[in-house]
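A.B. asks: So I've got this file, coords_9.tsv, and it contains TSV, C-alpha atoms:
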```tsv
chain	number	residue	atom	x	y	z
K	1	MET	CA	-142.27	13.22	130.98
K	2	LEU	CA	-144.65	14.50	128.31
K	3	VAL	CA	-147.55	12.48	129.72
K	4	VAL	CA	-146.93	13.72	133.25
K	5	THR	CA	-146.60	17.33	132.06
K	6	GLY	CA	-149.75	17.03	129.98
K	7	LEU	CA	-151.72	15.62	132.90
K	8	TRP	CA	-150.49	18.40	135.18
K	9	VAL	CA	-151.55	21.07	132.67
K	10	ARG	CA	-154.90	19.42	132.00
K	11	LEU	CA	-155.77	19.01	135.69
K	12	SER	CA	-154.49	22.35	136.94
K	13	ILE	CA	-155.84	24.82	134.38
K	14	GLU	CA	-159.52	25.74	134.51
K	15	GLU	CA	-161.74	25.62	131.47
K	16	SER	CA	-162.71	28.88	129.79
K	17	PRO	CA	-165.98	30.52	130.90
K	18	LEU	CA	-167.46	29.83	127.46
K	19	PHE	CA	-166.77	26.12	127.77
K	20	GLU	CA	-168.10	26.02	131.32
K	21	ARG	CA	-171.42	27.46	130.10
K	22	ALA	CA	-171.68	25.20	127.04
K	23	PRO	CA	-174.18	22.33	127.09
K	24	VAL	CA	-172.67	18.88	127.47
K	25	GLN	CA	-172.89	16.87	124.26
K	26	LYS	CA	-173.49	13.13	124.66
K	27	SER	CA	-172.30	12.43	121.11
K	28	PRO	CA	-170.00	15.31	120.09
K	29	LEU	CA	-168.65	13.43	117.06
K	30	LEU	CA	-172.15	12.99	115.64
K	31	GLN	CA	-172.91	16.66	116.32
K	32	VAL	CA	-169.77	17.67	114.43
K	33	ILE	CA	-170.74	15.51	111.45
K	34	ARG	CA	-174.32	16.83	111.47
K	35	ARG	CA	-173.70	20.51	112.22
K	36	TYR	CA	-170.17	21.24	110.99
K	37	PRO	CA	-169.44	19.08	107.91
K	38	ARG	CA	-168.27	22.11	105.93
K	39	GLU	CA	-165.77	23.09	108.61
K	40	VAL	CA	-164.39	19.55	108.81
K	41	VAL	CA	-163.80	19.51	105.06
K	42	LEU	CA	-162.16	22.95	105.20
K	43	ALA	CA	-159.85	21.87	108.03
K	44	ILE	CA	-158.80	18.80	106.04
K	45	GLY	CA	-158.22	20.93	102.96
K	46	MET	CA	-156.19	23.51	104.84
K	47	ARG	CA	-154.00	20.83	106.37
K	48	LEU	CA	-153.03	19.19	103.07
K	49	ALA	CA	-150.21	21.62	102.25
K	50	GLU	CA	-148.99	21.81	105.85
K	51	ASN	CA	-148.93	18.07	106.50
K	52	ILE	CA	-147.53	16.95	103.16
K	53	SER	CA	-144.82	19.62	103.07
K	54	TYR	CA	-143.66	18.71	106.58
K	55	TYR	CA	-143.05	15.08	105.63
K	56	LEU	CA	-141.33	16.09	102.41
K	57	PHE	CA	-139.01	18.45	104.28
K	58	THR	CA	-138.24	16.10	107.16
K	59	VAL	CA	-138.69	12.47	106.05
K	60	VAL	CA	-138.33	12.35	102.26
K	61	SER	CA	-135.29	14.64	102.46
K	62	ILE	CA	-133.32	11.94	104.31
K	63	THR	CA	-134.08	9.24	101.74
K	64	PHE	CA	-133.56	11.64	98.86
K	65	LEU	CA	-130.07	12.59	100.05
K	66	THR	CA	-128.91	9.04	100.75
K	67	THR	CA	-130.61	7.26	97.84
K	68	TYR	CA	-131.14	9.74	95.00
K	69	ALA	CA	-128.36	12.28	95.57
K	70	GLY	CA	-125.65	9.63	95.78
K	71	THR	CA	-124.84	6.70	98.03
K	72	SER	CA	-121.73	8.48	99.26
K	73	ALA	CA	-123.84	11.19	100.93
K	74	ASP	CA	-123.48	11.41	104.70
K	75	LYS	CA	-126.82	11.04	106.49
K	76	SER	CA	-125.51	13.13	109.42
K	77	THR	CA	-125.54	16.19	107.13
K	78	ILE	CA	-129.31	16.14	106.65
K	79	LEU	CA	-129.93	15.12	110.27
K	80	THR	CA	-127.92	18.12	111.48
K	81	ALA	CA	-129.84	20.37	109.10
K	82	LEU	CA	-133.12	19.03	110.50
K	83	VAL	CA	-132.00	19.77	114.05
K	84	VAL	CA	-131.12	23.34	113.04
K	85	GLY	CA	-134.44	23.76	111.23
K	86	SER	CA	-136.37	22.40	114.20
K	87	ALA	CA	-134.57	24.79	116.55
K	88	VAL	CA	-135.55	27.69	114.29
K	89	GLN	CA	-139.15	26.50	114.28
K	90	PHE	CA	-139.11	26.27	118.07
K	91	VAL	CA	-138.44	30.03	118.18
K	92	VAL	CA	-140.57	31.29	115.29
K	93	ILE	CA	-143.78	29.27	115.80
K	94	PRO	CA	-144.87	31.20	118.95
K	95	ALA	CA	-143.92	34.48	117.25
K	96	ILE	CA	-145.91	33.66	114.10
K	97	GLY	CA	-148.85	32.57	116.25
K	98	ALA	CA	-148.78	35.93	118.01
K	99	VAL	CA	-148.65	37.75	114.67
K	100	SER	CA	-151.67	35.76	113.47
K	101	ASP	CA	-153.63	37.09	116.45
K	102	ARG	CA	-153.01	40.60	115.12
K	103	ILE	CA	-153.17	40.37	111.34
K	104	GLY	CA	-155.30	37.23	110.97
K	105	ARG	CA	-154.85	33.53	110.36
K	106	ARG	CA	-155.58	33.54	106.63
K	107	PRO	CA	-152.77	35.80	105.31
K	108	LEU	CA	-150.05	33.80	107.05
K	109	TYR	CA	-151.60	30.46	106.10
K	110	LEU	CA	-151.89	31.51	102.47
K	111	ALA	CA	-148.28	32.67	102.40
K	112	GLY	CA	-147.14	29.34	103.81
K	113	ALA	CA	-149.27	27.23	101.44
K	114	ILE	CA	-148.03	29.10	98.38
K	115	GLY	CA	-144.48	29.23	99.70
K	116	VAL	CA	-144.05	25.47	100.15
K	117	ALA	CA	-145.31	24.86	96.61
K	118	VAL	CA	-142.74	27.28	95.22
K	119	TRP	CA	-139.91	26.04	97.45
K	120	ILE	CA	-140.17	22.25	97.01
K	121	TYR	CA	-138.28	22.14	93.70
K	122	PRO	CA	-135.38	24.37	94.85
K	123	PHE	CA	-135.45	22.39	98.11
K	124	LEU	CA	-134.76	19.09	96.34
K	125	ARG	CA	-132.11	20.68	94.13
K	126	LEU	CA	-130.30	22.04	97.17
K	127	ILE	CA	-130.50	18.69	98.94
K	128	GLY	CA	-128.98	17.13	95.83
K	129	THR	CA	-125.82	19.20	96.15
K	130	ARG	CA	-124.78	17.03	99.15
K	131	ASP	CA	-123.20	20.16	100.64
K	132	ALA	CA	-123.99	21.04	104.27
K	133	VAL	CA	-124.65	24.76	103.75
K	134	PRO	CA	-127.18	24.48	100.88
K	135	ILE	CA	-128.86	21.52	102.61
K	136	THR	CA	-129.25	23.46	105.85
K	137	LEU	CA	-130.58	26.47	103.92
K	138	ALA	CA	-133.10	24.23	102.13
K	139	VAL	CA	-134.41	22.71	105.38
K	140	VAL	CA	-134.53	25.96	107.37
K	141	VAL	CA	-136.44	27.85	104.66
K	142	GLY	CA	-138.78	24.91	104.15
K	143	LEU	CA	-139.60	24.63	107.84
K	144	LEU	CA	-140.04	28.41	108.11
K	145	LEU	CA	-142.65	28.27	105.35
K	146	HIS	CA	-144.26	25.31	107.07
K	147	ALA	CA	-144.39	27.30	110.33
K	148	LEU	CA	-146.50	29.97	108.62
K	149	MET	CA	-149.26	27.36	108.42
K	150	TYR	CA	-148.57	25.32	111.53
K	151	ALA	CA	-148.33	28.24	113.96
K	152	PRO	CA	-151.89	29.60	113.48
K	153	GLN	CA	-153.39	26.20	112.69
K	154	ALA	CA	-154.52	25.12	116.17
K	155	ALA	CA	-156.32	28.39	116.82
K	156	PHE	CA	-157.70	28.56	113.28
K	157	PHE	CA	-159.22	25.07	113.41
K	158	ALA	CA	-160.61	25.46	116.93
K	159	GLU	CA	-162.24	28.79	116.10
K	160	LEU	CA	-164.16	27.23	113.21
K	161	PHE	CA	-166.26	25.07	115.54
K	162	GLY	CA	-168.88	25.84	118.16
K	163	THR	CA	-167.99	25.81	121.83
K	164	SER	CA	-169.61	22.53	122.84
K	165	VAL	CA	-167.86	20.55	120.07
K	166	ARG	CA	-164.71	22.63	119.64
K	167	TYR	CA	-162.30	19.96	120.88
K	168	THR	CA	-163.92	17.24	118.79
K	169	GLY	CA	-164.32	19.30	115.64
K	170	ALA	CA	-160.75	20.55	115.55
K	171	SER	CA	-159.42	17.08	116.28
K	172	VAL	CA	-161.52	15.35	113.62
K	173	GLY	CA	-160.36	17.73	110.89
K	174	TYR	CA	-156.75	17.50	112.04
K	175	GLN	CA	-156.56	13.71	112.36
K	176	LEU	CA	-158.45	12.87	109.17
K	177	ALA	CA	-156.01	15.05	107.25
K	178	SER	CA	-153.13	13.16	108.84
K	179	ILE	CA	-154.53	9.94	107.40
K	180	VAL	CA	-155.22	11.17	103.87
K	181	ALA	CA	-152.34	13.65	103.54
K	182	GLY	CA	-149.34	13.12	105.80
K	183	ALA	CA	-149.37	9.34	106.17
K	184	PRO	CA	-149.03	8.46	102.46
K	185	ALA	CA	-146.95	11.53	101.52
K	186	PRO	CA	-143.50	9.87	101.76
K	187	LEU	CA	-144.69	6.82	99.79
K	188	ILE	CA	-146.24	8.99	97.09
K	189	ALA	CA	-143.21	11.27	96.85
K	190	LEU	CA	-140.77	8.37	96.52
K	191	ALA	CA	-142.97	6.71	93.90
K	192	LEU	CA	-143.03	9.97	91.94
K	193	LEU	CA	-139.25	10.35	92.16
K	194	GLY	CA	-138.94	7.01	90.42
K	195	ASP	CA	-135.54	5.79	89.33
K	196	GLY	CA	-132.71	6.63	91.70
K	197	ASP	CA	-130.40	7.42	88.77
K	198	ASP	CA	-132.71	10.07	87.31
K	199	PRO	CA	-135.22	11.30	89.95
K	200	ASN	CA	-138.32	13.09	88.68
K	201	LEU	CA	-138.21	16.29	90.74
K	202	GLY	CA	-140.91	17.91	88.63
K	203	ALA	CA	-143.44	15.24	89.56
K	204	VAL	CA	-142.90	15.87	93.27
K	205	ALA	CA	-143.19	19.61	92.67
K	206	ILE	CA	-146.53	19.09	90.89
K	207	TYR	CA	-147.74	16.87	93.75
K	208	MET	CA	-146.92	19.61	96.25
K	209	ALA	CA	-148.47	22.27	94.02
K	210	ILE	CA	-151.78	20.37	93.82
K	211	ALA	CA	-151.90	19.94	97.60
K	212	SER	CA	-151.09	23.62	98.08
K	213	ALA	CA	-153.76	24.69	95.59
K	214	LEU	CA	-156.39	22.73	97.52
K	215	SER	CA	-155.22	24.31	100.77
K	216	VAL	CA	-155.34	27.79	99.26
K	217	ILE	CA	-158.91	27.19	98.11
K	218	ALA	CA	-159.89	25.95	101.57
K	219	VAL	CA	-158.33	28.99	103.27
K	220	LEU	CA	-160.05	31.38	100.87
K	221	VAL	CA	-163.42	29.71	101.49
K	222	ALA	CA	-162.95	29.65	105.27
K	223	ARG	CA	-163.83	32.78	107.20
K	224	GLU	CA	-161.21	34.76	109.09
K	225	THR	CA	-161.49	33.80	112.76
K	226	ALA	CA	-158.73	35.76	114.48
K	227	ARG	CA	-160.92	38.59	115.76
K	228	SER	CA	-164.29	36.85	115.78
K	229	SER	CA	-166.19	35.90	118.90
K	230	LEU	CA	-165.83	32.35	120.13
K	231	ASP	CA	-169.32	32.49	121.63
K	232	HIS	CA	-171.11	30.56	118.88
K	233	ASP	CA	-172.62	27.10	118.67
K	234	ARG	CA	-174.92	25.31	116.20
K	235	THR	CA	-175.70	22.36	118.47
```
I need this file expressed as structure tokens, please.
C.D. replies:
Amino acid sequence: MLVVTGLWVRLSIEESPLFERAPVQKSPLLQVIRRYPREVVLAIGMRLAENISYYLFTVVSITFLTTYAGTSADKSTILTALVVGSAVQFVVIPAIGAVSDRIGRRPLYLAGAIGVAVWIYPFLRLIGTRDAVPITLAVVVGLLLHALMYAPQAAFFAELFGTSVRYTGASVGYQLASIVAGAPAPLIALALLGDGDDPNLGAVAIYMAIASALSVIAVLVARETARSSLDHDRT
């Protein structure tokens, strides 16, 4: 269903006038590497906090509850909390995206990057209670903070790159970050937690804080794009 819907959208919606006027690039990936290396690095840096926090809140939380918080914990508790958190995200992500059009991408992204670093330790403590209400609160707040980054991210990344390589540039930054940040995040977090009898929550908090600090630096270095013209191209 998703493939069919995606094809229908892709084939039925016209390209923007800017894209229609842009020169066709025979090797857009090479152009991105040559002309926009700084933007690729910034996109990767900005995505560190968003990608890592998402996997901590959604994947590591399940293992943490069932392995570190006690074998008697019911997995359905965390799964229900994740459904509730996802439903909240479904509503707030479009709203946050609209707000970012008005006040800018950077303020919301910074709030999210700092917020997940602060929240990860209380998040794990609440998961450890094995009680449905604190667990749901932990997941919902975590995913709300994540949404502050994820909602403006697509526009933010796309606006960093010139028209003729916008698709490629945004995708390269996004996917490379997935490889270096999100993919190993659960493995790193579980290794840092260590022994199941005495999990090292502080180590995971430091891991998240480092990722968030790098994202904050990247956001501060990146220019605000919300109200800037998209009619730019270095190729």
A.B. asks: List the spatial neighbours of stretch 131-146 of chain K as a CSV table (one decimal) with C-alpha atoms, in the coordinates of the input - criterion: any atom at most 7 Å away, only C-alpha atoms, same-chain residues fewer than 6 positions off excluded.
C.D. replies:
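This went into around-v3.csv:
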```csv
chain,number,residue,atom,x,y,z
K,50,GLU,CA,-149.0,21.8,105.8
K,53,SER,CA,-144.8,19.6,103.1
K,54,TYR,CA,-143.7,18.7,106.6
K,57,PHE,CA,-139.0,18.4,104.3
K,77,THR,CA,-125.5,16.2,107.1
K,78,ILE,CA,-129.3,16.1,106.6
K,81,ALA,CA,-129.8,20.4,109.1
K,82,LEU,CA,-133.1,19.0,110.5
K,85,GLY,CA,-134.4,23.8,111.2
K,89,GLN,CA,-139.2,26.5,114.3
K,112,GLY,CA,-147.1,29.3,103.8
K,115,GLY,CA,-144.5,29.2,99.7
K,116,VAL,CA,-144.0,25.5,100.2
K,119,TRP,CA,-139.9,26.0,97.4
K,123,PHE,CA,-135.4,22.4,98.1
```
A.B. asks: Determine the nearest neighbour of K:Ile93 from the options K:Met149, K:Ala209, K:Val9, K:Val59, counting all atoms listed in the file.
C.D. replies: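 Closest to K:Ile93, using all atoms listed in the file: K:Met149.
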A.B. asks: Restrict the calculation to only C-alpha atoms, then for each residue of stretch 116-167 of chain K with any atom at most 9 Å from an atom of stretch 220-235 of chain K give the closest atom pair and their distance in Å to one decimal, rows by chain and rising residue number, as CSV.
C.D. replies:
```
residue,atom,partner,partner_atom,distance
K:Ala155,CA,K:Ala226,CA,8.1
K:Phe156,CA,K:Thr225,CA,6.5
K:Glu159,CA,K:Thr225,CA,6.1
K:Leu160,CA,K:Thr225,CA,7.1
K:Phe161,CA,K:Asp233,CA,7.4
K:Gly162,CA,K:Asp233,CA,4.0
K:Thr163,CA,K:Asp233,CA,5.8
K:Ser164,CA,K:Asp233,CA,6.9
K:Val165,CA,K:Thr235,CA,8.2
```
A.B. asks: For C-alpha atoms, I'd like the residues from the last selection saved as a CSV table (one decimal), keeping the file's coordinate frame.
C.D. replies:
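out.csv was written with the following content:
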```
chain,number,residue,atom,x,y,z
K,155,ALA,CA,-156.3,28.4,116.8
K,156,PHE,CA,-157.7,28.6,113.3
K,159,GLU,CA,-162.2,28.8,116.1
K,160,LEU,CA,-164.2,27.2,113.2
K,161,PHE,CA,-166.3,25.1,115.5
K,162,GLY,CA,-168.9,25.8,118.2
K,163,THR,CA,-168.0,25.8,121.8
K,164,SER,CA,-169.6,22.5,122.8
K,165,VAL,CA,-167.9,20.6,120.1
```
A.B. asks: Anything within 10 Å of (-133.4, 10.8, 90.3): list those residues as a PyMOL selection string, counting only C-alpha atoms and sticking to the file's coordinates.
C.D. replies: chain K and resi 64+67-70+128+190+192-201
A.B. asks: The selected residues should be written to file as an mmCIF file, keeping the file's coordinate frame (atoms: C-alpha atoms).
C.D. replies:
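Output file result_32.cif follows:
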```cif
data_model
loop_
_atom_site.group_PDB
_atom_site.id
_atom_site.type_symbol
_atom_site.label_atom_id
_atom_site.label_comp_id
_atom_site.auth_asym_id
_atom_site.auth_seq_id
_atom_site.Cartn_x
_atom_site.Cartn_y
_atom_site.Cartn_z
ATOM 1 C CA PHE K 64 -133.560 11.640 98.860
ATOM 2 C CA THR K 67 -130.610 7.260 97.840
ATOM 3 C CA TYR K 68 -131.140 9.740 95.000
ATOM 4 C CA ALA K 69 -128.360 12.280 95.570
ATOM 5 C CA GLY K 70 -125.650 9.630 95.780
ATOM 6 C CA GLY K 128 -128.980 17.130 95.830
ATOM 7 C CA LEU K 190 -140.770 8.370 96.520
ATOM 8 C CA LEU K 192 -143.030 9.970 91.940
ATOM 9 C CA LEU K 193 -139.250 10.350 92.160
ATOM 10 C CA GLY K 194 -138.940 7.010 90.420
ATOM 11 C CA ASP K 195 -135.540 5.790 89.330
ATOM 12 C CA GLY K 196 -132.710 6.630 91.700
ATOM 13 C CA ASP K 197 -130.400 7.420 88.770
ATOM 14 C CA ASP K 198 -132.710 10.070 87.310
ATOM 15 C CA PRO K 199 -135.220 11.300 89.950
ATOM 16 C CA ASN K 200 -138.320 13.090 88.680
ATOM 17 C CA LEU K 201 -138.210 16.290 90.740
#
```
A.B. asks: Dig up all the protein and nucleic acid residues within 7 Å of (-155.5, 24.2, 102.1) in the file frame, using all atoms listed in the file, and format them as number ranges by chain.
C.D. replies: K: 45-49, 113, 212-219
A.B. asks: Put a box with edges along x, y and z around all the listed atoms of stretch 12-23 of chain K, pad it by 8 Å on each side, then give me its centre and sizes in Å, one decimal, as AutoDock Vina command-line options.
C.D. replies:
```
--center_x -164.3 --center_y 26.4 --center_z 132.0 --size_x 35.7 --size_y 24.2 --size_z 25.9
```
